[in-house]
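Listing of data_2.cif; format and content: mmCIF, C-alpha atoms.
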data_data
loop_
_atom_site.label_atom_id
_atom_site.label_comp_id
_atom_site.auth_asym_id
_atom_site.auth_seq_id
_atom_site.Cartn_x
_atom_site.Cartn_y
_atom_site.Cartn_z
CA MET A 220 25.15 -42.12 22.37
CA GLN A 221 23.20 -39.13 23.58
CA ASP A 222 25.21 -36.89 21.29
CA SER A 223 24.40 -39.11 18.31
CA ILE A 224 20.67 -39.07 19.10
CA ALA A 225 20.72 -35.28 19.46
CA GLU A 226 22.57 -34.97 16.16
CA LYS A 227 20.02 -37.19 14.43
CA GLN A 228 17.15 -35.16 15.83
CA GLU A 229 18.79 -31.91 14.77
CA HIS A 230 19.42 -33.33 11.29
CA ARG A 231 15.82 -34.50 11.04
CA ILE A 232 14.54 -31.04 12.05
CA LYS A 233 16.70 -29.42 9.38
CA VAL A 234 15.43 -31.83 6.72
CA LEU A 235 11.79 -31.22 7.60
CA ASP A 236 12.33 -27.47 7.80
CA LYS A 237 13.94 -27.45 4.37
CA LYS A 238 11.19 -29.67 2.96
CA TYR A 239 8.29 -27.51 4.14
CA SER A 240 9.94 -24.08 4.22
CA HIS A 241 8.48 -23.04 0.86
CA HIS A 242 4.98 -23.54 2.27
CA ARG A 243 5.76 -21.18 5.10
CA LYS A 244 7.49 -18.48 3.10
CA VAL A 245 6.01 -15.10 3.96
CA ASN A 246 5.33 -12.67 1.13
CA GLU A 247 6.98 -9.71 2.84
CA LYS A 248 6.43 -7.50 -0.20
CA VAL A 249 2.66 -7.64 0.37
CA LEU A 250 2.89 -7.05 4.12
CA SER A 251 5.56 -4.36 4.01
CA LYS A 252 4.21 -2.32 1.13
CA GLU A 253 3.25 1.19 2.18
CA LYS A 254 0.36 2.86 0.37
CA THR A 255 0.89 6.34 -0.97
CA PRO A 256 -1.79 9.00 -0.31
CA THR A 257 -2.98 8.56 -3.90
CA GLN A 258 -3.26 4.80 -3.45
CA LYS A 259 -5.19 5.25 -0.20
CA VAL A 260 -7.68 7.57 -1.92
CA PHE A 261 -7.97 5.15 -4.83
CA SER A 262 -8.55 2.27 -2.41
CA ILE A 263 -11.38 4.16 -0.68
CA LEU A 264 -12.94 5.09 -4.03
CA PHE A 265 -12.63 1.49 -5.20
CA ASP A 266 -14.40 0.23 -2.08
CA ILE A 267 -17.20 2.76 -2.61
CA PHE A 268 -17.44 1.71 -6.26
CA CYS A 269 -17.64 -1.96 -5.31
CA VAL A 270 -20.42 -1.35 -2.79
CA ALA A 271 -22.36 0.82 -5.25
CA LEU A 272 -21.95 -1.73 -8.06
CA VAL A 273 -23.10 -4.61 -5.85
CA LEU A 274 -26.16 -2.62 -4.72
CA PHE A 275 -26.95 -1.57 -8.30
CA MET A 276 -26.64 -5.10 -9.67
CA GLY A 277 -28.66 -6.49 -6.77
CA ILE A 278 -31.52 -4.06 -7.38
CA PHE A 279 -31.20 -4.60 -11.14
CA CYS A 280 -31.53 -8.37 -10.86
CA PHE A 281 -34.35 -8.13 -8.32
CA SER A 282 -36.27 -5.72 -10.56
CA ILE A 283 -35.86 -7.87 -13.66
CA LEU A 284 -36.85 -11.10 -11.92
CA ASN A 285 -39.79 -9.38 -10.27
CA SER A 286 -40.92 -7.95 -13.63
CA LYS A 287 -40.76 -11.40 -15.20
CA SER A 288 -42.90 -12.84 -12.42
CA GLN A 289 -45.49 -10.07 -12.97
CA LYS A 290 -45.41 -10.47 -16.77
CA THR A 291 -44.58 -6.79 -17.15
CA PRO A 292 -41.73 -5.19 -19.14
CA ALA A 293 -38.29 -5.18 -17.57
CA SER A 294 -38.10 -2.27 -15.14
CA VAL A 295 -35.00 -0.63 -13.70
CA PHE A 296 -35.30 2.43 -11.44
CA GLY A 297 -38.62 3.42 -12.99
CA TYR A 298 -37.51 2.95 -16.62
CA TYR A 299 -39.14 0.42 -18.96
CA ALA A 300 -37.82 -0.90 -22.26
CA LEU A 301 -40.42 -1.71 -24.93
CA LYS A 302 -40.22 -3.08 -28.45
CA ILE A 303 -42.49 -1.72 -31.19
CA VAL A 304 -44.59 -4.61 -32.56
CA SER A 305 -46.99 -2.80 -34.93
CA PRO A 306 -46.72 -0.07 -37.63
CA SER A 307 -49.32 2.17 -35.93
CA MET A 308 -46.68 4.77 -34.95
CA GLU A 309 -44.58 4.81 -38.13
CA ALA A 310 -45.75 8.34 -38.92
CA SER A 311 -43.90 9.46 -35.76
CA GLY A 312 -40.74 7.63 -36.77
CA PHE A 313 -41.23 4.40 -34.79
CA LYS A 314 -40.72 1.31 -36.92
CA VAL A 315 -41.54 -2.28 -36.08
CA GLY A 316 -38.67 -3.80 -34.08
CA ASP A 317 -37.45 -0.49 -32.66
CA CYS A 318 -36.72 -0.37 -28.93
CA VAL A 319 -38.05 2.59 -26.96
CA MET A 320 -37.82 3.62 -23.34
CA VAL A 321 -40.60 4.98 -21.16
CA HIS A 322 -40.52 6.27 -17.60
CA SER A 323 -43.18 6.20 -14.91
CA VAL A 324 -44.90 9.57 -14.83
CA ASP A 325 -47.24 11.75 -12.82
CA THR A 326 -50.36 11.37 -14.99
CA LYS A 327 -51.60 14.81 -13.86
CA THR A 328 -48.76 16.40 -15.88
CA LEU A 329 -49.57 14.64 -19.16
CA SER A 330 -51.00 16.68 -22.03
CA LYS A 331 -52.14 16.20 -25.63
CA GLY A 332 -49.36 15.08 -27.93
CA ASP A 333 -47.47 13.07 -25.29
CA ILE A 334 -46.71 9.48 -26.27
CA ILE A 335 -47.47 6.96 -23.54
CA ALA A 336 -47.29 3.24 -22.95
CA PHE A 337 -50.44 1.76 -21.43
CA TYR A 338 -52.44 -1.39 -21.07
CA ALA A 339 -55.56 -1.46 -23.24
CA TYR A 340 -57.59 -2.84 -20.38
CA ASN A 341 -61.40 -2.66 -20.60
CA SER A 342 -62.70 -1.24 -17.34
CA ALA A 343 -66.32 -0.35 -16.65
CA VAL A 344 -66.58 3.42 -16.86
CA ASP A 345 -69.18 5.97 -17.87
CA VAL A 346 -68.27 8.26 -20.73
CA PRO A 347 -66.07 10.92 -19.08
CA VAL A 348 -66.03 14.61 -19.87
CA GLU A 349 -63.14 16.08 -21.86
CA ILE A 350 -61.20 18.73 -20.00
CA PRO A 351 -59.03 21.49 -21.44
CA THR A 352 -55.28 21.08 -20.90
CA VAL A 353 -52.23 23.27 -21.23
CA GLN A 354 -49.15 21.95 -22.99
CA GLN A 355 -46.59 21.06 -20.29
CA THR A 356 -43.58 18.87 -19.71
CA PRO A 357 -44.37 15.50 -18.12
CA VAL A 358 -42.95 15.03 -14.63
CA TYR A 359 -41.18 11.72 -14.04
CA THR A 360 -42.02 10.01 -10.74
CA THR A 361 -40.58 6.87 -9.22
CA SER A 362 -42.03 5.38 -6.06
CA VAL A 363 -40.06 2.96 -3.91
CA THR A 364 -42.03 0.04 -5.31
CA GLN A 365 -41.48 1.16 -8.90
CA PHE A 366 -37.80 1.66 -8.14
CA LEU A 367 -37.63 -2.05 -7.25
CA GLY A 368 -39.74 -3.09 -10.24
CA ILE A 369 -42.89 -3.75 -8.20
CA GLN A 370 -45.96 -2.57 -10.11
CA SER A 371 -49.27 -1.29 -8.83
CA GLN A 372 -52.16 -3.69 -8.41
CA ASN A 373 -53.94 -2.25 -11.46
CA ILE A 374 -50.91 -2.73 -13.73
CA LYS A 375 -50.35 -6.28 -12.47
CA GLN A 376 -54.02 -7.15 -12.95
CA ALA A 377 -53.99 -5.84 -16.50
CA ALA A 378 -50.74 -7.65 -17.36
CA VAL A 379 -51.89 -10.97 -15.89
CA SER A 380 -55.26 -10.73 -17.66
CA GLY A 381 -53.44 -10.52 -21.00
CA ALA A 382 -54.24 -6.90 -21.83
CA ARG A 383 -52.25 -5.58 -24.77
CA LEU A 384 -49.41 -3.20 -23.99
CA THR A 385 -49.81 -0.30 -26.42
CA PHE A 386 -47.59 2.63 -27.37
CA HIS A 387 -49.75 5.50 -28.73
CA GLN A 388 -50.13 9.27 -28.62
CA ILE A 389 -52.61 11.16 -26.40
CA VAL A 390 -55.29 13.03 -28.39
CA GLY A 391 -57.64 13.89 -25.54
CA ILE A 392 -57.79 14.01 -21.75
CA TYR A 393 -61.01 13.29 -19.89
CA GLU A 394 -62.26 13.27 -16.32
CA ASP A 395 -65.14 11.43 -14.65
CA LEU A 396 -67.31 12.57 -11.76
CA ASN A 397 -64.76 11.29 -9.22
CA HIS A 398 -62.01 13.37 -10.87
CA ASN A 399 -60.22 10.28 -12.21
CA LEU A 400 -58.32 10.93 -15.43
CA TYR A 401 -58.83 9.04 -18.68
CA PHE A 402 -56.90 9.37 -21.93
CA LYS A 403 -58.02 9.07 -25.50
CA THR A 404 -55.19 7.79 -27.68
CA LYS A 405 -54.37 7.20 -31.31
CA GLY A 406 -51.68 5.58 -33.40
CA THR A 407 -50.30 8.40 -35.54
CA SER A 408 -50.40 6.16 -38.63
CA ASN A 409 -54.01 5.14 -37.99
CA SER A 410 -56.93 7.02 -39.48
CA ASN A 411 -59.17 6.71 -36.39
CA ASP A 412 -58.76 7.19 -32.67
CA ASP A 413 -58.59 4.17 -30.41
CA ILE A 414 -62.00 2.99 -29.24
CA TRP A 415 -61.09 2.89 -25.55
CA TYR A 416 -60.67 5.37 -22.75
CA ILE A 417 -57.45 4.60 -20.86
CA SER A 418 -57.57 4.97 -17.09
CA GLU A 419 -54.61 6.77 -15.54
CA ASN A 420 -54.15 3.66 -13.39
CA HIS A 421 -53.22 1.65 -16.49
CA VAL A 422 -50.60 4.07 -17.82
CA LEU A 423 -47.18 2.47 -17.59
CA GLY A 424 -45.11 5.52 -18.50
CA VAL A 425 -44.32 8.31 -20.94
CA TYR A 426 -41.87 8.11 -23.84
CA VAL A 427 -38.32 9.29 -23.05
CA ASN A 428 -37.03 11.08 -26.15
CA SER A 429 -33.22 11.00 -25.93
CA ALA A 430 -30.37 9.27 -27.76
CA PHE A 431 -29.04 7.76 -24.53
CA ALA A 432 -32.44 6.28 -23.71
CA SER A 433 -32.66 4.75 -27.19
CA ASN A 434 -29.29 3.03 -26.72
CA VAL A 435 -30.03 1.77 -23.22
CA SER A 436 -33.51 0.56 -24.17
CA GLY A 437 -31.99 -2.10 -26.41
CA ILE A 438 -30.04 -3.49 -23.46
CA LEU A 439 -33.00 -3.38 -21.10
CA ASN A 440 -35.23 -4.95 -23.71
CA SER A 441 -33.05 -8.05 -23.60
CA ALA A 442 -32.95 -7.94 -19.80
CA GLY A 443 -35.48 -10.72 -19.60
CA SER A 444 -33.02 -13.11 -21.22
CA SER A 445 -31.27 -15.58 -18.95
CA TRP A 446 -27.75 -14.66 -20.05
CA LEU A 447 -28.11 -11.01 -18.97
CA ILE A 448 -29.56 -11.99 -15.60
CA LEU A 449 -26.71 -14.45 -15.13
CA LEU A 450 -24.17 -11.80 -16.14
CA SER A 451 -25.72 -9.30 -13.74
CA LEU A 452 -25.35 -11.81 -10.93
CA MET A 453 -21.83 -12.91 -11.84
CA ILE A 454 -20.30 -9.41 -11.99
CA PRO A 455 -20.88 -8.51 -8.30
CA ILE A 456 -20.11 -12.08 -7.21
CA ALA A 457 -16.77 -11.99 -9.06
CA LEU A 458 -15.98 -8.57 -7.63
CA LEU A 459 -16.76 -9.66 -4.08
CA ALA A 460 -14.74 -12.85 -4.58
CA PHE A 461 -11.75 -10.79 -5.73
CA VAL A 462 -11.92 -8.51 -2.68
CA ILE A 463 -12.38 -11.43 -0.27
CA LEU A 464 -9.55 -13.47 -1.79
CA LYS A 465 -7.25 -10.46 -1.64
CA GLU A 466 -7.97 -10.00 2.07
CA CYS A 467 -7.68 -13.74 2.72
CA PHE A 468 -4.25 -13.83 1.05
CA LYS A 469 -3.04 -11.08 3.36
CA ASP A 470 -4.53 -12.85 6.40
CA VAL A 471 -2.67 -16.04 5.44
CA GLN A 472 0.62 -14.12 5.30
CA VAL A 473 -0.07 -12.59 8.73
CA ALA A 474 -0.85 -16.08 10.09
CA LYS A 475 2.51 -17.30 8.78
CA LEU A 476 4.19 -14.39 10.54
CA GLU A 477 2.46 -15.33 13.78
CA LEU A 478 3.55 -18.95 13.44
CA ASP A 479 7.13 -17.84 12.85
CA CYS A 480 6.95 -15.82 16.07
CA VAL A 481 5.59 -18.79 18.01
CA GLU A 482 8.40 -21.00 16.69
CA GLU A 483 10.92 -18.25 17.51
CA LYS A 484 11.97 -17.80 13.89
CA ARG A 485 10.96 -14.15 14.21
CA LYS A 486 10.35 -11.73 17.03
CA ILE A 487 7.18 -9.72 17.41
CA THR A 488 9.43 -6.68 17.70
CA ASP A 489 10.46 -7.08 14.05
CA PRO A 490 9.19 -4.12 12.00
CA ILE A 491 7.07 -6.32 9.70
CA CYS A 492 5.38 -7.96 12.71
CA VAL A 493 4.75 -4.61 14.41
CA LYS A 494 3.30 -3.15 11.20
CA ASN A 495 0.79 -6.02 10.85
CA ASN A 496 -0.19 -6.19 14.56
CA VAL A 497 0.83 -9.83 14.79
CA GLY A 498 0.71 -9.99 18.59
CA PHE A 499 -2.83 -8.63 18.93
CA ASN A 500 -4.40 -11.60 17.13
CA MET A 501 -2.73 -14.35 19.17
CA ASP A 502 -4.66 -16.37 21.73
CA ARG A 503 -3.93 -15.87 25.43
CA LYS A 504 -1.72 -18.95 25.84
CA THR A 505 0.41 -18.02 22.85
CA LYS A 506 0.73 -14.43 24.06
CA PHE A 507 1.92 -15.63 27.44
CA LYS A 508 4.41 -18.02 25.84
CA ILE A 509 5.85 -15.19 23.73
CA LEU A 510 6.00 -12.92 26.78
CA ALA A 511 7.73 -15.60 28.87
CA THR A 512 10.55 -15.96 26.33
CA ALA A 513 11.07 -12.20 25.94
CA PRO A 514 14.29 -10.62 27.27
CA GLU A 515 13.81 -8.96 30.64
CA GLU A 516 14.73 -5.53 29.30
CA LYS A 517 12.03 -5.76 26.59
CA LYS A 518 9.17 -7.10 28.70
CA MET A 519 7.06 -3.92 28.56
CA GLU A 520 7.73 -3.51 24.83
CA TYR A 521 6.39 -7.02 24.28
CA VAL A 522 3.39 -6.26 26.46
CA ASN A 523 2.50 -3.26 24.29
CA LEU A 524 2.82 -5.35 21.13
CA LEU A 525 0.74 -8.25 22.48
CA TRP A 526 -2.13 -6.27 24.00
CA PRO A 527 -3.61 -3.02 22.64
CA GLU A 528 -2.36 -0.06 24.68
CA GLY A 529 -0.54 -2.50 26.98
CA LYS A 530 -3.78 -3.54 28.71
CA VAL A 531 -2.74 -7.04 29.75
CA PRO A 532 -5.08 -9.28 31.76
CA HIS A 533 -4.84 -8.63 35.51
CA CYS A 534 -3.66 -12.19 36.18
CA ILE A 535 -0.60 -11.83 33.95
CA ARG A 536 0.23 -8.37 35.25
CA LYS A 537 -0.03 -9.63 38.83
CA TYR A 538 1.78 -12.97 38.56
CA TYR A 539 4.19 -12.26 35.75
CA LEU A 540 5.20 -8.63 35.61
CA ARG A 541 5.26 -8.08 39.37
CA ARG A 542 6.67 -11.41 40.57
CA GLY A 543 8.91 -12.32 37.62
CA SER A 544 8.68 -15.07 35.06
CA MET A 545 6.41 -17.97 36.02
CA LEU A 546 7.68 -20.27 33.28
CA LEU A 547 11.39 -19.55 33.18
CA GLY A 548 11.67 -20.91 36.72
CA PRO A 549 10.54 -24.45 35.73
CA LEU A 550 12.64 -24.23 32.56
CA THR A 551 15.68 -23.42 34.70
CA GLN A 552 14.88 -26.37 36.95
CA LEU A 553 14.65 -28.64 33.91
CA ARG A 554 18.01 -27.43 32.61
CA ASN A 555 19.58 -28.01 36.02
CA LEU A 556 18.05 -31.49 36.14
CA ASN A 557 19.64 -32.36 32.80
CA ARG A 558 23.02 -31.16 34.01
CA GLN A 559 22.61 -33.10 37.24
CA CYS A 560 21.85 -36.29 35.33
CA GLU A 561 24.89 -35.71 33.13
CA GLU A 562 27.09 -35.37 36.22
CA MET A 563 25.59 -38.57 37.68
CA TYR A 564 26.36 -40.40 34.42
CA LYS A 565 29.96 -39.12 34.42
CA ASN A 566 30.40 -40.27 38.04
CA GLY A 567 29.44 -43.83 37.07
CA LYS A 568 25.89 -43.86 38.38
CA ASP A 569 23.75 -46.69 36.98
CA ILE A 570 21.84 -45.56 33.89
CA LYS A 571 18.56 -47.13 35.08
CA GLU A 572 18.69 -45.28 38.40
CA ILE A 573 19.45 -42.05 36.54
CA GLY A 574 16.40 -42.67 34.31
CA LYS A 575 14.10 -43.27 37.28
CA TYR A 576 15.41 -40.19 39.06
CA TYR A 577 14.96 -38.09 35.91
CA GLU A 578 11.37 -39.23 35.33
CA LYS A 579 10.47 -38.59 38.98
CA GLU A 580 11.89 -35.05 38.99
CA ARG A 581 10.50 -34.31 35.52
CA LEU A 582 6.97 -35.12 36.70
CA LYS A 583 7.40 -32.70 39.60
CA ILE A 584 8.45 -29.94 37.21
CA ASP A 585 5.52 -30.69 34.90
CA GLU A 586 3.12 -30.42 37.82
CA ILE A 587 4.60 -27.05 38.73
CA VAL A 588 4.16 -25.82 35.16
CA LYS A 589 0.54 -27.03 35.00
CA SER A 590 -0.40 -25.46 38.32
CA ARG A 591 1.16 -22.14 37.36
CA TYR A 592 -0.53 -22.15 33.99
CA LYS A 593 -3.88 -22.71 35.70
CA ARG A 594 -3.31 -19.82 38.06
CA ILE A 595 -1.97 -17.45 35.43
CA MET A 596 -4.42 -18.23 32.66
CA LYS A 597 -7.33 -18.81 35.10
CA LEU A 598 -8.01 -22.26 33.67
CA LYS A 599 -10.31 -24.61 35.52
#
What would the structure in this file look like if it were written as structure tokens?
Amino acid sequence: MQDSIAEKQEHRIKVLDKKYSHHRKVNEKVLSKEKTPTQKVFSILFDIFCVALVLFMGIFCFSILNSKSQKTPASVFGYYALKIVSPSMEASGFKVGDCVMVHSVDTKTLSKGDIIAFYAYNSAVDVPVEIPTVQQTPVYTTSVTQFLGIQSQNIKQAAVSGARLTFHQIVGIYEDLNHNLYFKTKGTSNSNDDIWYISENHVLGVYVNSAFASNVSGILNSAGSSWLILLSLMIPIALLAFVILKECFKDVQVAKLELDCVEEKRKITDPICVKNNVGFNMDRKTKFKILATAPEEKKMEYVNLLWPEGKVPHCIRKYYLRRGSMLLGPLTQLRNLNRQCEEMYKNGKDIKEIGKYYEKERLKIDEIVKSRYKRIMKLK
């Protein structure tokens, strides 16, 4: 009868193992694959690219959203994209609907003939005095706040008040008694100069005359649209999701390896387990269980695979390595108890008495195991 029960249990285990084995199948190709030096370099470069792209997209989205909240043109790293809305600059080749790019500039380096974007904001000012200037190349400047799309208080005030954003050419540079600069401007297609003096505090930037800037300005000009903001957010999110899922997939395979070791389907000394440091990630109880079932001649090898540099807890080193196995003793007692009960059954001993004797001795063995676990693992 006992043989039939054991056979049924063994058959049931085989059925369940066959049923769920495909869920536990380890993708050894992923865990065993060795990277070539070229692949390692590529992996490092890819990680750097991912970090840079996420940072770029994060700053890009922050700048665009911040510009929208301030009612200023979309700004990215000090660049602004504008659309021509009037024919006042057609004589210089700018038609209505064209997209242009301007960059924040050091207003002290501006000179006559430069084309600037500014807010035609009426500020109380006495008529300044025109100063002579030398033709020079404008110097681009980008403060930390401008880099993130945060405008100065004067620009924000002008934008919120509804001042018109204008794209005209400088025809004169003036200075007041406090040495603040003002610019006289004109649309090259207009017959007269503009009526206002533009404070340097209301200058958004200077025109960037390059083919690349013209192409990029069209993209930035549409940066205020919801689809581009959404796309800018989705690209880094998708990239991060890909990297995380890739790492999670590998972690799942390592977890399957660990479970196989716990169930004694693999040994932690197998090359694939050693390569993926399976033993290091186990909890203390599992490590001790694996160590207890290790062959005596491989005890130290298991120790080195379960704990980095073989630095096992003092309790295990003291009670296990120095005094022998603390669990194999009770297991041996249990095996001897089973054999003893078998002998009693063969000698005609009553089955009920055998059962009572077995339960009594089994409880003693269980108490020994529990007490030793508490001492070894320092459990309260």
Query raised in the report: the PyMOL selection byres ((chain A and resi 499-515) around 7) on the file shown: which residues, as a PyMOL selection string?
Result: chain A and resi 481+496-498+516-518+521+524-527+544+546-547
Query - Expansion of the PyMOL selection byres ((chain A and resi 367-380) around 9) into residues, as a VMD selection string - result: chain A and resid 278 to 279 281 to 286 289 to 291 293 to 297 337 to 340 362 to 366 381 to 384 420 to 423
Extending 4 Å beyond the listed atoms of segment 265-276 of chain A on each side, what axis-aligned box results? I want centre and edge lengths in Å to one decimal, as JSON.
{"center_x": -19.8, "center_y": -1.2, "center_z": -5.9, "size_x": 22.3, "size_y": 15.9, "size_z": 15.6}
Query - Pick from A:Lys494, A:Ser408, A:Thr255, A:Gln355 nearest to Gly312 of chain A, counting only C-alpha atoms - result: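 Closest to Gly312 of chain A, using only C-alpha atoms: A:Ser408.
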Requested in this report: Take the PyMOL selection byres ((chain A and resi 402) around 9), apply it to the structure above, and return the hits as a ChimeraX atom specification.
Outcome: /A:389-394,400-401,403-404,415-419
Query raised in the report: So what do you get for atom CA of Ile491 of chain A versus atom CA of Glu466 of chain A, distance-wise?
Result: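 Result for atom CA of Ile491 of chain A versus atom CA of Glu466 of chain A: 17.3 Å, one decimal.
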Query raised in the report: When distances are computed from only C-alpha atoms, which of A:Ser307, A:Asn428, A:Lys575, A:Pro490 shows the smallest separation from Asp413 of chain A?
Result: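 Once distances to Asp413 of chain A are computed over only C-alpha atoms, the minimum belongs to A:Ser307.
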Query raised in the report: How many Å separate atom CA of Thr385 of chain A from atom CA of Ala336 of chain A?
Result: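 Computing it gives 5.6 Å between the two atoms.
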Query raised in the report: What is the distance between atom CA of Ile303 of chain A and atom CA of Asp333 of chain A, in Å to one decimal?
Result: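 Taking atom CA of Ile303 of chain A and atom CA of Asp333 of chain A, their separation equals 16.7 Å.
For the choices A:Val353, A:Thr407, A:Ala457, A:Lys484, the atom-to-atom distance to Glu309 of chain A is smallest for A:Thr407 when using all atoms listed in the file.
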Requested in this report: Compile the contact shell of Ile584 of chain A as a ChimeraX atom specification: residues with an atom at most 8 Å away, counting only C-alpha atoms, same-chain residues fewer than 3 positions apart removed.
Outcome: /A:549,552-553,580-581,587-588
Please produce an output containing C-alpha atoms for each residue in the selection, written as an mmCIF file, in the coordinates of the input.
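Output file result_10.cif is given in full below:
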data_model
loop_
_atom_site.group_PDB
_atom_site.id
_atom_site.type_symbol
_atom_site.label_atom_id
_atom_site.label_comp_id
_atom_site.auth_asym_id
_atom_site.auth_seq_id
_atom_site.Cartn_x
_atom_site.Cartn_y
_atom_site.Cartn_z
ATOM 1 C CA PRO A 549 10.540 -24.450 35.730
ATOM 2 C CA GLN A 552 14.880 -26.370 36.950
ATOM 3 C CA LEU A 553 14.650 -28.640 33.910
ATOM 4 C CA GLU A 580 11.890 -35.050 38.990
ATOM 5 C CA ARG A 581 10.500 -34.310 35.520
ATOM 6 C CA ILE A 587 4.600 -27.050 38.730
ATOM 7 C CA VAL A 588 4.160 -25.820 35.160
#
Do a neighbour search on Ala310 of chain A at 12 Å with all atoms listed in the file, toss out local chain neighbours closer than 5 positions, and write the hits as a PDB file with C-alpha atoms, keeping the file's coordinate frame.
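After the write, out-v3.pdb holds the following:
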ATOM      1  CA  SER A 305     -46.990  -2.800 -34.930  1.00  0.00           C
ATOM      2  CA  VAL A 315     -41.540  -2.280 -36.080  1.00  0.00           C
ATOM      3  CA  HIS A 387     -49.750   5.500 -28.730  1.00  0.00           C
ATOM      4  CA  GLN A 388     -50.130   9.270 -28.620  1.00  0.00           C
ATOM      5  CA  LYS A 405     -54.370   7.200 -31.310  1.00  0.00           C
ATOM      6  CA  GLY A 406     -51.680   5.580 -33.400  1.00  0.00           C
ATOM      7  CA  THR A 407     -50.300   8.400 -35.540  1.00  0.00           C
ATOM      8  CA  SER A 408     -50.400   6.160 -38.630  1.00  0.00           C
ATOM      9  CA  ASN A 409     -54.010   5.140 -37.990  1.00  0.00           C
ATOM     10  CA  SER A 410     -56.930   7.020 -39.480  1.00  0.00           C
TER      11      SER A 410
END
Report task. Go through A:Val348, A:Leu458, A:Cys480, A:Val493 and flag the residue nearest Val270 of chain A, using all atoms listed in the file for the distances. Result ->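 Closest candidate: A:Leu458.
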